[in-house]
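S.K.: My structure is in start10.txt, and what it holds is compact mmCIF, N, CA and C atoms:
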```
# COMPACT_ATOMS: atom_id res chain seq x y z
N MET A 1 91.84 76.57 104.58
CA MET A 1 93.27 76.77 104.73
C MET A 1 93.75 77.90 103.82
N ASP A 2 93.22 77.95 102.60
CA ASP A 2 93.61 79.02 101.69
C ASP A 2 93.22 80.39 102.24
N GLN A 3 92.06 80.47 102.89
CA GLN A 3 91.60 81.74 103.45
C GLN A 3 92.54 82.25 104.54
N VAL A 4 93.09 81.34 105.33
CA VAL A 4 94.05 81.72 106.37
C VAL A 4 95.28 82.37 105.74
N TRP A 5 95.79 81.78 104.67
CA TRP A 5 96.97 82.34 103.99
C TRP A 5 96.66 83.68 103.36
N ILE A 6 95.47 83.84 102.84
CA ILE A 6 95.07 85.11 102.24
C ILE A 6 95.03 86.20 103.31
N GLU A 7 94.40 85.90 104.44
CA GLU A 7 94.33 86.87 105.54
C GLU A 7 95.71 87.18 106.10
N LEU A 8 96.54 86.16 106.23
CA LEU A 8 97.90 86.36 106.73
C LEU A 8 98.71 87.24 105.78
N SER A 9 98.53 87.03 104.49
CA SER A 9 99.25 87.87 103.52
C SER A 9 98.81 89.33 103.60
N LYS A 10 97.54 89.56 103.89
CA LYS A 10 97.04 90.92 104.06
C LYS A 10 97.70 91.58 105.27
N VAL A 11 97.76 90.83 106.38
CA VAL A 11 98.36 91.35 107.61
C VAL A 11 99.85 91.65 107.39
N ILE A 12 100.54 90.74 106.72
CA ILE A 12 101.97 90.94 106.45
C ILE A 12 102.17 92.16 105.56
N SER A 13 101.31 92.33 104.59
CA SER A 13 101.41 93.50 103.69
C SER A 13 101.23 94.80 104.46
N ILE A 14 100.25 94.84 105.33
CA ILE A 14 99.99 96.04 106.11
C ILE A 14 101.11 96.28 107.10
N PHE A 15 101.64 95.22 107.68
CA PHE A 15 102.78 95.34 108.60
C PHE A 15 103.96 95.98 107.86
N ALA A 16 104.26 95.48 106.67
CA ALA A 16 105.40 96.00 105.89
C ALA A 16 105.16 97.46 105.50
N LEU A 17 103.97 97.79 105.08
CA LEU A 17 103.66 99.16 104.70
C LEU A 17 103.79 100.10 105.89
N ALA A 18 103.24 99.72 107.03
CA ALA A 18 103.29 100.56 108.23
C ALA A 18 104.70 100.74 108.76
N PHE A 19 105.57 99.76 108.50
CA PHE A 19 106.95 99.85 108.97
C PHE A 19 107.64 101.06 108.33
N PHE A 20 107.32 101.33 107.08
CA PHE A 20 107.98 102.43 106.37
C PHE A 20 107.11 103.67 106.23
N SER A 21 105.80 103.48 106.18
CA SER A 21 104.89 104.61 106.01
C SER A 21 103.62 104.32 106.80
N PHE A 22 103.57 104.87 107.99
CA PHE A 22 102.56 104.51 108.98
C PHE A 22 101.12 104.77 108.54
N TRP A 23 100.80 106.01 108.28
CA TRP A 23 99.38 106.34 108.13
C TRP A 23 98.72 105.76 106.90
N PRO A 24 99.36 105.58 105.74
CA PRO A 24 98.64 104.96 104.62
C PRO A 24 98.28 103.49 104.86
N ALA A 25 98.96 102.86 105.80
CA ALA A 25 98.69 101.45 106.07
C ALA A 25 97.31 101.24 106.67
N ILE A 26 96.81 102.23 107.36
CA ILE A 26 95.51 102.06 108.03
C ILE A 26 94.37 101.98 107.03
N PRO A 27 94.19 102.96 106.15
CA PRO A 27 93.11 102.79 105.16
C PRO A 27 93.36 101.61 104.22
N ALA A 28 94.64 101.32 103.96
CA ALA A 28 94.93 100.17 103.09
C ALA A 28 94.47 98.87 103.74
N GLY A 29 94.71 98.73 105.03
CA GLY A 29 94.27 97.52 105.74
C GLY A 29 92.76 97.40 105.75
N LEU A 30 92.09 98.51 105.94
CA LEU A 30 90.62 98.49 105.92
C LEU A 30 90.11 98.18 104.52
N ALA A 31 90.78 98.74 103.51
CA ALA A 31 90.37 98.47 102.12
C ALA A 31 90.57 97.00 101.76
N LEU A 32 91.55 96.37 102.38
CA LEU A 32 91.77 94.94 102.14
C LEU A 32 90.77 94.06 102.89
N GLY A 33 89.94 94.69 103.70
CA GLY A 33 88.91 93.94 104.40
C GLY A 33 89.32 93.40 105.77
N LEU A 34 90.45 93.88 106.30
CA LEU A 34 90.86 93.45 107.63
C LEU A 34 89.99 94.12 108.69
N SER A 35 89.82 93.47 109.81
CA SER A 35 89.02 94.06 110.88
C SER A 35 89.77 95.27 111.45
N PRO A 36 89.02 96.28 111.93
CA PRO A 36 89.68 97.46 112.51
C PRO A 36 90.63 97.11 113.66
N VAL A 37 90.28 96.15 114.46
CA VAL A 37 91.15 95.75 115.57
C VAL A 37 92.47 95.19 115.04
N ILE A 38 92.41 94.36 114.02
CA ILE A 38 93.63 93.81 113.40
C ILE A 38 94.46 94.93 112.79
N VAL A 39 93.81 95.91 112.15
CA VAL A 39 94.52 97.04 111.56
C VAL A 39 95.25 97.84 112.64
N VAL A 40 94.56 98.16 113.72
CA VAL A 40 95.17 98.92 114.81
C VAL A 40 96.35 98.16 115.40
N LEU A 41 96.15 96.89 115.70
CA LEU A 41 97.23 96.10 116.30
C LEU A 41 98.42 95.93 115.35
N THR A 42 98.15 95.66 114.09
CA THR A 42 99.23 95.44 113.12
C THR A 42 100.02 96.71 112.88
N THR A 43 99.36 97.83 112.65
CA THR A 43 100.08 99.06 112.37
C THR A 43 100.86 99.55 113.60
N SER A 44 100.26 99.42 114.77
CA SER A 44 100.96 99.83 116.00
C SER A 44 102.19 98.95 116.25
N LEU A 45 102.02 97.65 116.08
CA LEU A 45 103.14 96.74 116.28
C LEU A 45 104.25 96.99 115.26
N SER A 46 103.88 97.19 114.02
CA SER A 46 104.87 97.46 112.98
C SER A 46 105.66 98.73 113.28
N TYR A 47 104.96 99.77 113.64
CA TYR A 47 105.62 101.03 113.97
C TYR A 47 106.57 100.85 115.15
N SER A 48 106.11 100.13 116.18
CA SER A 48 106.95 99.86 117.35
C SER A 48 108.18 99.06 116.97
N CYS A 49 108.05 98.15 116.04
CA CYS A 49 109.21 97.39 115.56
C CYS A 49 110.22 98.31 114.86
N GLY A 50 109.72 99.26 114.09
CA GLY A 50 110.60 100.23 113.44
C GLY A 50 111.37 101.06 114.45
N VAL A 51 110.68 101.49 115.50
CA VAL A 51 111.33 102.24 116.57
C VAL A 51 112.37 101.35 117.26
N GLY A 52 111.98 100.13 117.61
CA GLY A 52 112.89 99.21 118.29
C GLY A 52 114.14 98.90 117.48
N LEU A 53 113.97 98.66 116.20
CA LEU A 53 115.11 98.38 115.34
C LEU A 53 116.06 99.57 115.28
N THR A 54 115.49 100.75 115.18
CA THR A 54 116.31 101.95 115.16
C THR A 54 117.07 102.12 116.47
N LEU A 55 116.41 101.84 117.58
CA LEU A 55 117.09 101.95 118.87
C LEU A 55 118.21 100.93 119.00
N LEU A 56 118.02 99.74 118.46
CA LEU A 56 119.06 98.71 118.55
C LEU A 56 120.32 99.11 117.78
N ILE A 57 120.14 99.68 116.61
CA ILE A 57 121.30 100.06 115.81
C ILE A 57 121.63 101.53 115.93
N GLY A 58 120.82 102.25 116.69
CA GLY A 58 120.90 103.71 116.72
C GLY A 58 122.16 104.30 117.33
N GLN A 59 122.73 103.68 118.32
CA GLN A 59 123.89 104.26 118.95
C GLN A 59 125.05 104.41 117.96
N LYS A 60 125.19 103.47 117.06
CA LYS A 60 126.26 103.54 116.05
C LYS A 60 126.02 104.66 115.05
N LEU A 61 124.76 104.96 114.83
CA LEU A 61 124.41 105.98 113.83
C LEU A 61 124.17 107.35 114.44
N ARG A 62 124.40 107.47 115.74
CA ARG A 62 124.05 108.68 116.46
C ARG A 62 124.68 109.94 115.86
N GLN A 63 125.97 109.91 115.59
CA GLN A 63 126.62 111.10 115.06
C GLN A 63 126.07 111.49 113.70
N ARG A 64 125.85 110.50 112.86
CA ARG A 64 125.30 110.78 111.53
C ARG A 64 123.91 111.40 111.65
N LEU A 65 123.10 110.85 112.53
CA LEU A 65 121.75 111.38 112.71
C LEU A 65 121.76 112.77 113.32
N GLN A 66 122.71 113.01 114.21
CA GLN A 66 122.79 114.35 114.80
C GLN A 66 123.08 115.39 113.72
N ARG A 67 124.01 115.08 112.82
CA ARG A 67 124.31 116.02 111.73
C ARG A 67 123.08 116.22 110.85
N ARG A 68 122.41 115.12 110.53
CA ARG A 68 121.22 115.22 109.67
C ARG A 68 120.08 115.96 110.37
N ALA A 69 119.92 115.69 111.68
CA ALA A 69 118.86 116.35 112.44
C ALA A 69 119.11 117.85 112.53
N GLU A 70 120.37 118.26 112.59
CA GLU A 70 120.69 119.68 112.63
C GLU A 70 120.33 120.36 111.31
N GLN A 71 120.46 119.63 110.22
CA GLN A 71 120.19 120.19 108.91
C GLN A 71 118.70 120.23 108.58
N SER A 72 117.95 119.27 109.10
CA SER A 72 116.52 119.20 108.78
C SER A 72 115.71 118.87 110.03
N ASN A 73 114.43 118.73 109.85
CA ASN A 73 113.52 118.35 110.93
C ASN A 73 113.48 119.39 112.06
N HIS A 74 113.63 120.67 111.71
CA HIS A 74 113.62 121.72 112.72
C HIS A 74 112.27 121.77 113.44
N ARG A 75 111.19 121.57 112.69
CA ARG A 75 109.87 121.63 113.29
C ARG A 75 109.68 120.50 114.30
N LEU A 76 110.09 119.28 113.92
CA LEU A 76 109.96 118.14 114.83
C LEU A 76 110.86 118.33 116.06
N ARG A 77 112.04 118.87 115.85
CA ARG A 77 112.96 119.14 116.96
C ARG A 77 112.32 120.14 117.93
N ALA A 78 111.65 121.16 117.39
CA ALA A 78 110.99 122.15 118.23
C ALA A 78 109.85 121.51 119.03
N ILE A 79 109.10 120.62 118.39
CA ILE A 79 108.03 119.90 119.09
C ILE A 79 108.61 119.06 120.22
N ALA A 80 109.70 118.34 119.93
CA ALA A 80 110.32 117.50 120.95
C ALA A 80 110.87 118.33 122.09
N SER A 81 111.45 119.49 121.78
CA SER A 81 111.99 120.36 122.83
C SER A 81 110.88 120.94 123.70
N ARG A 82 109.79 121.31 123.06
CA ARG A 82 108.71 121.96 123.81
C ARG A 82 107.82 120.96 124.56
N TYR A 83 107.48 119.85 123.90
CA TYR A 83 106.51 118.91 124.48
C TYR A 83 107.13 117.60 124.94
N GLY A 84 108.43 117.44 124.76
CA GLY A 84 109.13 116.26 125.25
C GLY A 84 108.80 115.01 124.45
N ILE A 85 108.95 113.89 125.10
CA ILE A 85 108.77 112.59 124.45
C ILE A 85 107.33 112.38 123.99
N ILE A 86 106.37 112.95 124.71
CA ILE A 86 104.97 112.82 124.30
C ILE A 86 104.75 113.53 122.97
N GLY A 87 105.29 114.72 122.83
CA GLY A 87 105.17 115.45 121.57
C GLY A 87 105.85 114.73 120.43
N LEU A 88 107.06 114.23 120.68
CA LEU A 88 107.78 113.48 119.66
C LEU A 88 107.01 112.21 119.28
N GLY A 89 106.49 111.52 120.29
CA GLY A 89 105.74 110.29 120.05
C GLY A 89 104.47 110.51 119.24
N LEU A 90 103.81 111.62 119.46
CA LEU A 90 102.58 111.91 118.73
C LEU A 90 102.85 112.51 117.35
N ALA A 91 103.94 113.25 117.20
CA ALA A 91 104.22 113.91 115.92
C ALA A 91 104.88 112.97 114.91
N SER A 92 105.74 112.09 115.36
CA SER A 92 106.53 111.26 114.44
C SER A 92 105.69 110.38 113.51
N PRO A 93 104.66 109.69 113.98
CA PRO A 93 103.93 108.81 113.06
C PRO A 93 103.35 109.54 111.86
N MET A 94 102.97 110.78 112.04
CA MET A 94 102.30 111.52 110.97
C MET A 94 103.25 112.43 110.20
N THR A 95 104.51 112.48 110.61
CA THR A 95 105.45 113.38 109.92
C THR A 95 106.61 112.59 109.33
N VAL A 96 107.54 112.17 110.15
CA VAL A 96 108.79 111.59 109.64
C VAL A 96 108.87 110.07 109.77
N GLY A 97 107.98 109.47 110.54
CA GLY A 97 107.99 108.02 110.67
C GLY A 97 108.82 107.53 111.84
N ALA A 98 108.80 106.21 112.00
CA ALA A 98 109.42 105.57 113.16
C ALA A 98 110.93 105.73 113.18
N GLN A 99 111.57 105.45 112.08
CA GLN A 99 113.01 105.41 112.08
C GLN A 99 113.63 106.79 112.30
N ILE A 100 113.16 107.79 111.58
CA ILE A 100 113.71 109.14 111.73
C ILE A 100 113.30 109.72 113.08
N GLY A 101 112.07 109.48 113.50
CA GLY A 101 111.63 109.97 114.81
C GLY A 101 112.46 109.37 115.94
N ALA A 102 112.71 108.07 115.86
CA ALA A 102 113.54 107.43 116.89
C ALA A 102 114.97 107.94 116.80
N GLY A 103 115.47 108.15 115.60
CA GLY A 103 116.81 108.70 115.43
C GLY A 103 116.93 110.08 116.04
N LEU A 104 115.90 110.89 115.84
CA LEU A 104 115.90 112.22 116.44
C LEU A 104 115.88 112.12 117.96
N GLY A 105 115.07 111.20 118.48
CA GLY A 105 115.05 110.99 119.93
C GLY A 105 116.42 110.58 120.47
N ILE A 106 117.11 109.72 119.73
CA ILE A 106 118.47 109.32 120.12
C ILE A 106 119.39 110.54 120.11
N ALA A 107 119.27 111.34 119.05
CA ALA A 107 120.10 112.53 118.93
C ALA A 107 119.84 113.52 120.06
N LEU A 108 118.62 113.52 120.58
CA LEU A 108 118.25 114.41 121.68
C LEU A 108 118.50 113.78 123.05
N ASN A 109 119.15 112.62 123.06
CA ASN A 109 119.51 111.91 124.30
C ASN A 109 118.31 111.45 125.13
N VAL A 110 117.21 111.13 124.49
CA VAL A 110 116.06 110.57 125.20
C VAL A 110 116.41 109.13 125.58
N PRO A 111 116.20 108.73 126.82
CA PRO A 111 116.50 107.35 127.21
C PRO A 111 115.73 106.35 126.33
N PRO A 112 116.40 105.30 125.84
CA PRO A 112 115.77 104.37 124.88
C PRO A 112 114.44 103.79 125.34
N ARG A 113 114.30 103.41 126.59
CA ARG A 113 113.02 102.82 127.04
C ARG A 113 111.90 103.84 126.99
N ARG A 114 112.18 105.06 127.43
CA ARG A 114 111.15 106.11 127.38
C ARG A 114 110.81 106.45 125.94
N LEU A 115 111.82 106.48 125.08
CA LEU A 115 111.60 106.78 123.67
C LEU A 115 110.72 105.71 123.02
N TYR A 116 111.04 104.46 123.27
CA TYR A 116 110.26 103.35 122.71
C TYR A 116 108.82 103.42 123.19
N LEU A 117 108.63 103.60 124.48
CA LEU A 117 107.28 103.65 125.04
C LEU A 117 106.50 104.84 124.49
N GLY A 118 107.12 106.03 124.49
CA GLY A 118 106.42 107.23 124.01
C GLY A 118 106.04 107.14 122.54
N MET A 119 106.95 106.65 121.73
CA MET A 119 106.66 106.56 120.30
C MET A 119 105.67 105.44 120.01
N SER A 120 105.74 104.35 120.74
CA SER A 120 104.78 103.26 120.55
C SER A 120 103.37 103.70 120.96
N LEU A 121 103.27 104.45 122.05
CA LEU A 121 101.96 104.96 122.46
C LEU A 121 101.42 105.97 121.45
N GLY A 122 102.31 106.79 120.90
CA GLY A 122 101.89 107.73 119.85
C GLY A 122 101.33 107.00 118.64
N ALA A 123 101.99 105.91 118.26
CA ALA A 123 101.50 105.11 117.13
C ALA A 123 100.15 104.49 117.43
N LEU A 124 99.97 104.01 118.66
CA LEU A 124 98.69 103.41 119.04
C LEU A 124 97.57 104.45 118.98
N VAL A 125 97.84 105.64 119.50
CA VAL A 125 96.83 106.71 119.47
C VAL A 125 96.44 107.03 118.02
N TRP A 126 97.45 107.22 117.15
CA TRP A 126 97.16 107.54 115.76
C TRP A 126 96.50 106.37 115.04
N SER A 127 96.88 105.15 115.37
CA SER A 127 96.22 103.99 114.75
C SER A 127 94.74 103.98 115.05
N ILE A 128 94.40 104.21 116.29
CA ILE A 128 93.00 104.20 116.70
C ILE A 128 92.25 105.36 116.02
N LEU A 129 92.83 106.56 116.06
CA LEU A 129 92.16 107.73 115.47
C LEU A 129 91.98 107.58 113.96
N LEU A 130 93.03 107.16 113.26
CA LEU A 130 92.93 107.04 111.81
C LEU A 130 92.03 105.89 111.38
N THR A 131 92.03 104.81 112.15
CA THR A 131 91.13 103.70 111.84
C THR A 131 89.68 104.15 112.01
N ALA A 132 89.40 104.84 113.11
CA ALA A 132 88.05 105.34 113.34
C ALA A 132 87.64 106.33 112.24
N ALA A 133 88.54 107.23 111.88
CA ALA A 133 88.23 108.21 110.82
C ALA A 133 88.00 107.51 109.48
N SER A 134 88.81 106.51 109.18
CA SER A 134 88.63 105.77 107.93
C SER A 134 87.30 105.04 107.90
N LEU A 135 86.94 104.43 109.02
CA LEU A 135 85.66 103.73 109.09
C LEU A 135 84.49 104.70 108.94
N LEU A 136 84.58 105.86 109.58
CA LEU A 136 83.51 106.85 109.46
C LEU A 136 83.41 107.38 108.03
N GLY A 137 84.57 107.61 107.41
CA GLY A 137 84.57 108.07 106.03
C GLY A 137 83.98 107.03 105.09
N TRP A 138 84.32 105.79 105.30
CA TRP A 138 83.80 104.71 104.47
C TRP A 138 82.29 104.58 104.67
N ALA A 139 81.85 104.66 105.93
CA ALA A 139 80.40 104.59 106.21
C ALA A 139 79.67 105.76 105.55
N GLY A 140 80.30 106.93 105.56
CA GLY A 140 79.69 108.09 104.93
C GLY A 140 79.57 107.92 103.42
N LEU A 141 80.60 107.36 102.81
CA LEU A 141 80.54 107.10 101.37
C LEU A 141 79.48 106.09 101.02
N GLN A 142 79.34 105.07 101.85
CA GLN A 142 78.30 104.05 101.61
C GLN A 142 76.91 104.65 101.78
N ALA A 143 76.76 105.55 102.76
CA ALA A 143 75.45 106.17 102.97
C ALA A 143 75.07 107.07 101.79
N VAL A 144 76.05 107.78 101.26
CA VAL A 144 75.79 108.66 100.11
C VAL A 144 75.45 107.83 98.87
N ALA A 145 76.13 106.70 98.72
CA ALA A 145 75.90 105.85 97.55
C ALA A 145 74.56 105.12 97.62
N ALA A 146 74.03 104.95 98.83
CA ALA A 146 72.79 104.18 98.98
C ALA A 146 71.57 104.97 98.64
```
Let's see the structure in the file written out as structure tokens.
M.R.:
Amino acid sequence: MDQVWIELSKVISIFALAFFSFWPAIPAGLALGLSPVIVVLTTSLSYSCGVGLTLLIGQKLRQRLQRRAEQSNHRLRAIASRYGIIGLGLASPMTVGAQIGAGLGIALNVPPRRLYLGMSLGALVWSILLTAASLLGWAGLQAVAA
């Protein structure tokens, strides 16, 4: 029973970390000994929750975000303009995160369902890639140490 609580606390920790800072959560989850599948699922779900929460409260904050988006995030705005929701979905996890990326999508008038799906898929892609890279790096370190 104690082991279940320990594992659950690890998952909750990684969920919380990924909610605010996506990519460090992946190696942290692996370092805590979580399975790669659990890491991918937890980080992707957490990121999607951040996007969803932003979309729920986003309409009220739209004007504020539009002003802020005009002042900063020019590179992300250019990616979104050139590559659409797919570009925004793939760039946000590794640059500005779920909340700002979703806010920018709202400011650019991307329909909420498309925005949620695109950003969630972007998080899933990055979760898989970063988990695989972390595992390969860890295996390489173990091979060098052996």
S.K.: Set the distance at 7 Å and use only N, CA and C atoms: which residues neighbour stretch 114-127 of chain A once local chain neighbours fewer than 2 positions away are removed? I'd like the list as a PyMOL selection string.
M.R.: chain A and resi 39-40+43-44+47-48+51-52+85-86+88-91+93+102+105+110-112+129-132
S.K.: Take atom C of A:Val96 and atom CA of A:Thr42 and report the distance between them in Å, one decimal.
M.R.: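 Result for atom C of A:Val96 versus atom CA of A:Thr42: 17.8 Å, one decimal.
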S.K.: Of the candidates A:Leu104, A:Gly97, A:Phe15, A:Ser46, which one gets nearest to A:Gly84 if we count only C-alpha atoms?
M.R.: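 Of A:Leu104, A:Gly97, A:Phe15, A:Ser46, the one nearest A:Gly84 is A:Leu104, counting only C-alpha atoms.
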S.K.: What does the distance from atom CA of A:Leu41 to atom N of A:Ala143 come to in Å, to one decimal?
M.R.: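 That distance, rounded to one decimal, is 26.3 Å.
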S.K.: Record the distance separating atom CA of A:Gly50 and atom CA of A:Ala107, expressed in Å with one decimal.
M.R.: 16.5 Å
S.K.: Select, from A:Trp5, A:Leu55, A:Ser134, A:Ile100, the residue with the minimum atom-to-atom distance to A:Ala28, counting only C-alpha atoms.
M.R.: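 Among the listed residues, the smallest separation from A:Ala28 belongs to A:Ser134.
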S.K.: Restricting the calculation to only C-alpha atoms, which member of A:Leu8, A:Ile57, A:Asp2, A:Trp138 is positioned closest to A:Gln99?
M.R.: A:Ile57
S.K.: Could you check the closest approach to A:Ala98 for each of A:Leu32, A:Ala25, A:Cys49, A:Val37 and tell me which residue wins, using all atoms listed in the file?
M.R.: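 Checking each of A:Leu32, A:Ala25, A:Cys49, A:Val37 against A:Ala98, counting all atoms listed in the file, the winner is A:Cys49.
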S.K.: Which one is closest to A:Asn109: A:Ala133, A:Ser13, A:Gly87, A:Ala80? Count only C-alpha atoms.
M.R.: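 Closest residue, counting only C-alpha atoms: A:Ala80.
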